[in-house]
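Notes follow the structure.
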Amino acid sequence: MRSSVENMKPVFVRPKSLSDKKFTYCPGCHHGLITRILAQVIDELGIQERTVMVAPVGCAVFAYEWFRCDGVQAAHGRAAAVATGIKRVRPDLVVISYQGDGDLAAIGLAETIHAANRGEKISVIFVNNQIYGMTGGQMAPTTLVGQHATSCPEGRNPQEAGYPIRMAELLATLEAPVYVARLALFDPKHVLETTKAVRKALTYQVQGKGYSFVEILANCPTGWRMSPVQANKHIAAVVTKAFPLGEFVDKG
Amino acid sequence: MERQLMTGNEAMAEAALRAGCRAYFGYPITPQNELLEYMARRMPQVGGAFVQAESEVAAINMCYGAAAAGVRVMTSSSSPGVSLKMEGISYMAGADLPVVVVNVARGGPGLGNIAPAQGDYFQATKGGGHGDYRMIVLAPSTVNEAAALTQLAFDLADKYRVPAMVLADGMLGQMMEPVELPPFVDVGSLPPKPWALSGAQGREPNYVASFALDPYDLRELNRRRLARYQQIEAHEVRWEEVQTEDAEVLLVAYGTMGRIAKTVVRLARAEGTRAGLLRPITLWPFPYGPIRRLAQRIPVVLTVELSMGQMVEDVRLAVEGRAQTPFYGEMGGVVPTPRDILQEVKAHALQRGKHEAGVRPA
Ligand SMILES: Cc1ncc(C[n+]2csc(CCOP(=O)(O)OP(=O)(O)O)c2C)c(N)n1
């Protein structure tokens, strides 16, 4: 009699491109899911041995060690400039920057826009969780109007703090980018769509087409003071209103 | 060796290319624009990367990326722009990345002006960025030396895996002089960098970071860095001496001021005052030992700078009370004439002579 184990085939495995280093994310945080999606796509494309990961300062600060790829830790907001430096001297490498919304849309806004405008052949994964996770939940440039954060305890007041900045739309006004999209992760269908978008972004880079940008609406259960389930519902019902999903540029 | 007439800015750029520099990232600022423009023209000819960045912050972080990928990389700027580079310099020191930063310094603080000045000495030598680190600082006094020291900066930065700065000034950047240009090094013959980002192919991944959450880990990294800094202090101090053997007044000056001080020594001797000069070439590591030795027998050690007095603090540390340590400085981009300084030298020599003859000043 054959054992039942021999009849089984794996349907879900840990991506080879993930290293053994433990995640430091809170339970239920989308960062972990995004990291895994990225590793899976790197596996699929067979580019683990020529990928360089550029990590931000933020909850994903260890992203340079979470992949079985060469990795570098950039100063807060400077990931796009660091990625530019690598890609310009080693165009054969696949260079991916992974950044939060404080990192990319506040302190690193200039680096972000100019890397996109020059059409650097890099891929930027932008994790928009509408808050500064790592420093304890302060207001981000993406914080929704009325949303509470530790530095806007009465909720974001647009008269003083302006409105959430829509990075995908902003970058879509530029000529150079070849791919700009906004995705979300609140249900399995959207997880698959995000995976597809990440695959497209990296594929365009592998093909040498140009700059790609994938914005992902992510949760922060700890910073938002919500359960992961509540957080997913909030993204589906509220966050996607302020940040519409879609592909804004696709010149593939 | 090839002889050419060049400005300091052009000479430093060409020297960098010949040293194997294959990436340059910069942002325009006077008086170093010619360096950036030269690189824009020449870098593509040698197959390297050139980007005019959106800011000095972006430029230095592009350097961080290129250095992490193992390429010899340079950026240049002038004082206000160098302030913006300090973040990246600290990160590169923390990630043990070699880089060459040229500062064609100008008058400050703030926007200041575009005239030559030496007000960036503290920033360059005492840690302009945050944290516990050191940076090699080389101070040329002629266009020819600017080219030679640019090459040296690349070799030292690679050898010790540290940032290195060439601290020039607006005068050196702009003036034209004959330069002996060395031949091109073969980039393939440079020592390999097994730690660089090149794709984890057939090996474990390489990680480049300045991050160590555990204090004991960071202490260990900093101890190893300190050991390298001590090696640099032991082996890389460079200076020039001019007629110090019988000097009664020792001038200490670097860069453009060092060059003017050479003229002062000649003029003083023509008028009967035995002046000498010690010109620091490395500002870090600083030539404490050589100055200390001279101060044992020369009673007056006069520091001359284009600042309120910055290097003079290191001179006084070196002398440790063995001699008088007066200071003469000009500021705001004003460059003193040799005659101005000669008056100072003669006054100190005279005072000294009266002192020795037992005459007390009234
Ligand atoms: C120059 C500098 N300023 C501030 C900080 C502190 N800091 C660390 S992470 C962070 C914000 C992170 O928020 P975000 O980019 O949204 O990423 P998240 O943690 O939410 O993933 C800040 C302000 C820093 N490390 N460096």
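We label chains A, B, ... in the order they appear in the structure tokens, count residues from 1 in each chain, and number ligands from 1 in the order shown.
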DSSP alpha helix (DSSP H) residues within range 106-350 of chain B, listed as a VMD selection string: chain B and resid 121 to 125 143 to 160 170 to 174 215 to 235 255 to 270 288 to 295 311 to 319 338 to 350
Per residue of chain B within 10 Å of chain A, note the shortest atom pair and the distance in Å to one decimal, counting only C-alpha atoms, and order the rows by chain and increasing residue number, as JSON lines.
```
{"residue": "B:Arg22", "atom": "CA", "partner": "A:Val89", "partner_atom": "CA", "distance": 7.9}
{"residue": "B:Ala23", "atom": "CA", "partner": "A:Val89", "partner_atom": "CA", "distance": 7.0}
{"residue": "B:Tyr24", "atom": "CA", "partner": "A:Gly85", "partner_atom": "CA", "distance": 9.3}
{"residue": "B:Phe25", "atom": "CA", "partner": "A:Gly85", "partner_atom": "CA", "distance": 8.4}
{"residue": "B:Gly47", "atom": "CA", "partner": "A:Val89", "partner_atom": "CA", "distance": 9.7}
{"residue": "B:Gly48", "atom": "CA", "partner": "A:Val89", "partner_atom": "CA", "distance": 7.3}
{"residue": "B:Ala49", "atom": "CA", "partner": "A:Arg88", "partner_atom": "CA", "distance": 5.9}
{"residue": "B:Phe50", "atom": "CA", "partner": "A:Arg88", "partner_atom": "CA", "distance": 8.3}
{"residue": "B:Val51", "atom": "CA", "partner": "A:Arg88", "partner_atom": "CA", "distance": 8.7}
{"residue": "B:Ala53", "atom": "CA", "partner": "A:His114", "partner_atom": "CA", "distance": 8.2}
{"residue": "B:Glu54", "atom": "CA", "partner": "A:His114", "partner_atom": "CA", "distance": 6.7}
{"residue": "B:Ser55", "atom": "CA", "partner": "A:Ala110", "partner_atom": "CA", "distance": 8.5}
{"residue": "B:Val57", "atom": "CA", "partner": "A:Arg78", "partner_atom": "CA", "distance": 8.1}
{"residue": "B:Ala58", "atom": "CA", "partner": "A:Ala81", "partner_atom": "CA", "distance": 5.5}
{"residue": "B:Ala59", "atom": "CA", "partner": "A:Ala81", "partner_atom": "CA", "distance": 7.4}
{"residue": "B:Ile60", "atom": "CA", "partner": "A:Ala81", "partner_atom": "CA", "distance": 8.5}
{"residue": "B:Asn61", "atom": "CA", "partner": "A:Val82", "partner_atom": "CA", "distance": 5.1}
{"residue": "B:Met62", "atom": "CA", "partner": "A:Gly85", "partner_atom": "CA", "distance": 4.0}
{"residue": "B:Cys63", "atom": "CA", "partner": "A:Gly85", "partner_atom": "CA", "distance": 6.0}
{"residue": "B:Tyr64", "atom": "CA", "partner": "A:Val82", "partner_atom": "CA", "distance": 6.0}
{"residue": "B:Gly65", "atom": "CA", "partner": "A:Val82", "partner_atom": "CA", "distance": 4.3}
{"residue": "B:Ala66", "atom": "CA", "partner": "A:Gly85", "partner_atom": "CA", "distance": 4.5}
{"residue": "B:Ala67", "atom": "CA", "partner": "A:Ile86", "partner_atom": "CA", "distance": 8.0}
{"residue": "B:Ala68", "atom": "CA", "partner": "A:Ile86", "partner_atom": "CA", "distance": 7.3}
{"residue": "B:Ala69", "atom": "CA", "partner": "A:Ile86", "partner_atom": "CA", "distance": 5.8}
{"residue": "B:Gly70", "atom": "CA", "partner": "A:Val89", "partner_atom": "CA", "distance": 8.9}
{"residue": "B:Val71", "atom": "CA", "partner": "A:Val89", "partner_atom": "CA", "distance": 7.2}
{"residue": "B:Arg72", "atom": "CA", "partner": "A:Val89", "partner_atom": "CA", "distance": 9.9}
{"residue": "B:Val73", "atom": "CA", "partner": "A:Gly85", "partner_atom": "CA", "distance": 9.5}
{"residue": "B:Glu87", "atom": "CA", "partner": "A:Ala75", "partner_atom": "CA", "distance": 8.1}
{"residue": "B:Gly88", "atom": "CA", "partner": "A:Ala75", "partner_atom": "CA", "distance": 7.5}
{"residue": "B:Ser90", "atom": "CA", "partner": "A:Ala75", "partner_atom": "CA", "distance": 9.9}
{"residue": "B:Tyr91", "atom": "CA", "partner": "A:Ala75", "partner_atom": "CA", "distance": 7.1}
{"residue": "B:Met92", "atom": "CA", "partner": "A:Ala75", "partner_atom": "CA", "distance": 9.9}
{"residue": "B:Ala95", "atom": "CA", "partner": "A:Gln73", "partner_atom": "CA", "distance": 8.9}
{"residue": "B:Trp195", "atom": "CA", "partner": "A:Asp70", "partner_atom": "CA", "distance": 9.9}
{"residue": "B:Ala196", "atom": "CA", "partner": "A:Asp70", "partner_atom": "CA", "distance": 8.7}
{"residue": "B:Leu197", "atom": "CA", "partner": "A:Asp70", "partner_atom": "CA", "distance": 5.8}
{"residue": "B:Ser198", "atom": "CA", "partner": "A:Arg50", "partner_atom": "CA", "distance": 7.1}
{"residue": "B:Gly199", "atom": "CA", "partner": "A:Arg50", "partner_atom": "CA", "distance": 4.1}
{"residue": "B:Ala200", "atom": "CA", "partner": "A:Glu49", "partner_atom": "CA", "distance": 4.7}
{"residue": "B:Gln201", "atom": "CA", "partner": "A:Glu49", "partner_atom": "CA", "distance": 4.7}
{"residue": "B:Gly202", "atom": "CA", "partner": "A:Glu49", "partner_atom": "CA", "distance": 8.0}
{"residue": "B:Arg203", "atom": "CA", "partner": "A:Glu49", "partner_atom": "CA", "distance": 9.1}
{"residue": "B:Glu204", "atom": "CA", "partner": "A:Arg68", "partner_atom": "CA", "distance": 7.6}
{"residue": "B:Pro205", "atom": "CA", "partner": "A:Asp70", "partner_atom": "CA", "distance": 4.6}
{"residue": "B:Asn206", "atom": "CA", "partner": "A:Asp70", "partner_atom": "CA", "distance": 4.8}
{"residue": "B:Tyr207", "atom": "CA", "partner": "A:Gly71", "partner_atom": "CA", "distance": 4.8}
{"residue": "B:Val208", "atom": "CA", "partner": "A:Val72", "partner_atom": "CA", "distance": 4.6}
{"residue": "B:Ala209", "atom": "CA", "partner": "A:Gln73", "partner_atom": "CA", "distance": 4.9}
{"residue": "B:Ser210", "atom": "CA", "partner": "A:Gln73", "partner_atom": "CA", "distance": 7.3}
{"residue": "B:Phe211", "atom": "CA", "partner": "A:Gln73", "partner_atom": "CA", "distance": 7.7}
```
All residues 12 Å or closer to Gly102 in chain A, only C-alpha atoms, same chain fewer than 5 positions away omitted, as a PyMOL selection string: chain A and resi 56-60+76-78+107-109+112+126-135+137-143+164-165+167
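Between CA of Val264 in chain B and CA of Pro326 in chain B lies a distance of 16.2 Å.
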Two-atom distance - CA of Ala117 in chain B, CA of Glu320 in chain B (Å):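 For CA of Ala117 in chain B relative to CA of Glu320 in chain B, the distance reads 26.8 Å.
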Distance query range 223-225 of chain B at most 10 Å, only C-alpha atoms, self and fewer than 3 positions along chain excluded, as a ChimeraX atom specification: /B:93-94,96,132-134,160-162,217-220,228-231
How would the residues just picked look written out with N, CA and C atoms as an mmCIF file, in the first residue's frame?
```cif
data_model
loop_
_atom_site.group_PDB
_atom_site.id
_atom_site.type_symbol
_atom_site.label_atom_id
_atom_site.label_comp_id
_atom_site.auth_asym_id
_atom_site.auth_seq_id
_atom_site.Cartn_x
_atom_site.Cartn_y
_atom_site.Cartn_z
ATOM 1 N N ALA B 93 29.838 55.838 5.860
ATOM 2 C CA ALA B 93 30.799 55.458 6.899
ATOM 3 C C ALA B 93 30.241 54.260 7.670
ATOM 4 N N GLY B 94 28.935 54.294 7.946
ATOM 5 C CA GLY B 94 28.296 53.229 8.718
ATOM 6 C C GLY B 94 28.152 51.927 7.951
ATOM 7 N N ASP B 96 30.451 51.078 5.685
ATOM 8 C CA ASP B 96 31.832 50.792 5.250
ATOM 9 C C ASP B 96 31.968 50.864 3.735
ATOM 10 N N ASP B 132 29.510 58.210 15.208
ATOM 11 C CA ASP B 132 30.914 57.999 15.524
ATOM 12 C C ASP B 132 31.645 57.537 14.272
ATOM 13 N N TYR B 133 32.257 58.435 13.551
ATOM 14 C CA TYR B 133 32.986 57.999 12.352
ATOM 15 C C TYR B 133 34.086 58.994 12.021
ATOM 16 N N ARG B 134 34.938 58.599 11.110
ATOM 17 C CA ARG B 134 36.014 59.452 10.628
ATOM 18 C C ARG B 134 35.998 59.463 9.109
ATOM 19 N N TYR B 160 40.729 51.330 2.848
ATOM 20 C CA TYR B 160 40.216 51.293 4.220
ATOM 21 C C TYR B 160 38.691 51.218 4.289
ATOM 22 N N ARG B 161 38.033 51.203 3.144
ATOM 23 C CA ARG B 161 36.560 51.188 3.065
ATOM 24 C C ARG B 161 35.948 52.328 3.876
ATOM 25 N N VAL B 162 36.394 53.560 3.548
ATOM 26 C CA VAL B 162 35.901 54.764 4.223
ATOM 27 C C VAL B 162 35.625 55.854 3.188
ATOM 28 N N ASP B 217 26.289 44.547 19.118
ATOM 29 C CA ASP B 217 26.666 44.354 17.709
ATOM 30 C C ASP B 217 27.260 45.641 17.137
ATOM 31 N N LEU B 218 26.582 46.757 17.417
ATOM 32 C CA LEU B 218 27.064 48.029 16.871
ATOM 33 C C LEU B 218 28.414 48.393 17.486
ATOM 34 N N ARG B 219 28.553 48.095 18.772
ATOM 35 C CA ARG B 219 29.850 48.353 19.410
ATOM 36 C C ARG B 219 30.951 47.569 18.703
ATOM 37 N N GLU B 220 30.660 46.314 18.379
ATOM 38 C CA GLU B 220 31.661 45.484 17.707
ATOM 39 C C GLU B 220 32.024 46.084 16.331
ATOM 40 N N ARG B 228 40.469 50.315 12.074
ATOM 41 C CA ARG B 228 40.876 50.800 10.750
ATOM 42 C C ARG B 228 41.294 52.261 10.828
ATOM 43 N N TYR B 229 40.554 53.054 11.591
ATOM 44 C CA TYR B 229 40.913 54.472 11.742
ATOM 45 C C TYR B 229 42.307 54.606 12.352
ATOM 46 N N GLN B 230 42.614 53.713 13.297
ATOM 47 C CA GLN B 230 43.944 53.786 13.926
ATOM 48 C C GLN B 230 45.042 53.419 12.931
ATOM 49 N N GLN B 231 44.734 52.485 12.028
ATOM 50 C CA GLN B 231 45.684 52.155 10.965
ATOM 51 C C GLN B 231 45.931 53.377 10.082
#
```
Test item: residues at most 12 Å from Pro28 in chain B, only C-alpha atoms, excluding those fewer than 6 positions along its chain, as number ranges by chain: B: 34-40, 51-56, 59, 75-82, 104
Surrounding residues of Asp158 in chain B excluding itself and chain neighbours under 4 positions, 9 Å, only C-alpha atoms, as a PyMOL selection string: chain B and resi 72+97-99+153-154+162-163+191+193
DSSP strand (DSSP E) selection over range 54-202 of chain B, as a PyMOL selection string: chain B and resi 73-77+99-105+136-138+163-169+176-181
Include N, CA, C and O atoms and write out the residues we just selected as a compact mmCIF listing (two decimals), in the first residue's frame.
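Dumped everything to again.txt:
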```txt
# COMPACT_ATOMS: atom_id res chain seq x y z
N VAL B 73 33.28 55.62 -7.21
CA VAL B 73 32.28 56.65 -7.44
C VAL B 73 32.68 57.95 -6.74
O VAL B 73 33.35 57.93 -5.72
N MET B 74 32.27 59.04 -7.36
CA MET B 74 32.62 60.36 -6.82
C MET B 74 31.43 61.31 -6.91
O MET B 74 30.59 61.19 -7.81
N THR B 75 31.38 62.25 -5.99
CA THR B 75 30.48 63.38 -6.11
C THR B 75 31.28 64.63 -5.75
O THR B 75 32.32 64.53 -5.11
N SER B 76 30.81 65.77 -6.20
CA SER B 76 31.49 67.00 -5.84
C SER B 76 30.45 68.07 -5.59
O SER B 76 29.32 67.98 -6.07
N SER B 77 30.86 69.07 -4.82
CA SER B 77 29.94 70.16 -4.51
C SER B 77 30.75 71.30 -3.91
O SER B 77 31.98 71.28 -3.92
N VAL B 99 33.94 56.16 -0.96
CA VAL B 99 33.41 57.19 -1.86
C VAL B 99 34.40 58.35 -1.82
O VAL B 99 35.09 58.53 -0.81
N VAL B 100 34.48 59.10 -2.90
CA VAL B 100 35.28 60.32 -2.89
C VAL B 100 34.35 61.51 -3.05
O VAL B 100 33.55 61.56 -3.98
N VAL B 101 34.44 62.43 -2.10
CA VAL B 101 33.62 63.64 -2.11
C VAL B 101 34.58 64.83 -2.26
O VAL B 101 35.50 64.97 -1.48
N VAL B 102 34.34 65.64 -3.28
CA VAL B 102 35.16 66.84 -3.47
C VAL B 102 34.37 68.04 -2.97
O VAL B 102 33.21 68.23 -3.36
N ASN B 103 34.98 68.83 -2.09
CA ASN B 103 34.37 70.07 -1.64
C ASN B 103 35.22 71.24 -2.13
O ASN B 103 36.32 71.45 -1.65
N VAL B 104 34.71 71.95 -3.14
CA VAL B 104 35.38 73.17 -3.61
C VAL B 104 34.77 74.30 -2.77
O VAL B 104 33.81 74.95 -3.18
N ALA B 105 35.33 74.47 -1.59
CA ALA B 105 34.67 75.26 -0.54
C ALA B 105 34.57 76.74 -0.87
O ALA B 105 35.40 77.30 -1.60
N ILE B 136 38.66 60.48 5.80
CA ILE B 136 39.97 60.95 5.34
C ILE B 136 39.75 62.29 4.64
O ILE B 136 38.83 62.42 3.82
N VAL B 137 40.57 63.30 4.96
CA VAL B 137 40.43 64.61 4.32
C VAL B 137 41.79 65.03 3.76
O VAL B 137 42.77 65.14 4.50
N LEU B 138 41.82 65.25 2.44
CA LEU B 138 43.06 65.62 1.75
C LEU B 138 42.92 67.06 1.26
O LEU B 138 41.90 67.42 0.66
N PRO B 163 34.77 56.81 3.53
CA PRO B 163 34.64 57.99 2.68
C PRO B 163 35.92 58.81 2.75
O PRO B 163 36.55 58.88 3.80
N ALA B 164 36.29 59.42 1.63
CA ALA B 164 37.45 60.30 1.61
C ALA B 164 37.04 61.61 0.94
O ALA B 164 36.30 61.60 -0.05
N MET B 165 37.51 62.72 1.51
CA MET B 165 37.16 64.02 0.94
C MET B 165 38.41 64.72 0.41
O MET B 165 39.46 64.66 1.04
N VAL B 166 38.26 65.36 -0.74
CA VAL B 166 39.28 66.30 -1.20
C VAL B 166 38.73 67.68 -0.89
O VAL B 166 37.69 68.08 -1.43
N LEU B 167 39.37 68.37 0.06
CA LEU B 167 38.90 69.68 0.48
C LEU B 167 39.71 70.76 -0.23
O LEU B 167 40.84 71.05 0.15
N ALA B 168 39.12 71.29 -1.31
CA ALA B 168 39.77 72.36 -2.06
C ALA B 168 39.03 73.66 -1.73
O ALA B 168 38.29 73.73 -0.75
N ASP B 169 39.21 74.69 -2.53
CA ASP B 169 38.44 75.92 -2.35
C ASP B 169 38.27 76.57 -3.70
O ASP B 169 38.84 76.12 -4.70
N MET B 176 43.94 78.02 -13.38
CA MET B 176 44.57 77.12 -14.35
C MET B 176 46.04 76.99 -14.06
O MET B 176 46.73 77.98 -13.82
N GLU B 177 46.51 75.75 -14.09
CA GLU B 177 47.93 75.48 -13.89
C GLU B 177 48.30 74.24 -14.69
O GLU B 177 47.42 73.44 -15.03
N PRO B 178 49.60 74.02 -14.93
CA PRO B 178 50.00 72.77 -15.59
C PRO B 178 49.79 71.58 -14.64
O PRO B 178 50.02 71.70 -13.44
N VAL B 179 49.31 70.49 -15.20
CA VAL B 179 49.06 69.29 -14.40
C VAL B 179 49.76 68.11 -15.05
O VAL B 179 49.73 67.95 -16.28
N GLU B 180 50.38 67.27 -14.24
CA GLU B 180 50.93 66.00 -14.71
C GLU B 180 49.85 64.96 -14.51
O GLU B 180 49.53 64.61 -13.38
N LEU B 181 49.28 64.48 -15.60
CA LEU B 181 48.21 63.49 -15.44
C LEU B 181 48.78 62.08 -15.56
O LEU B 181 49.45 61.75 -16.53
```
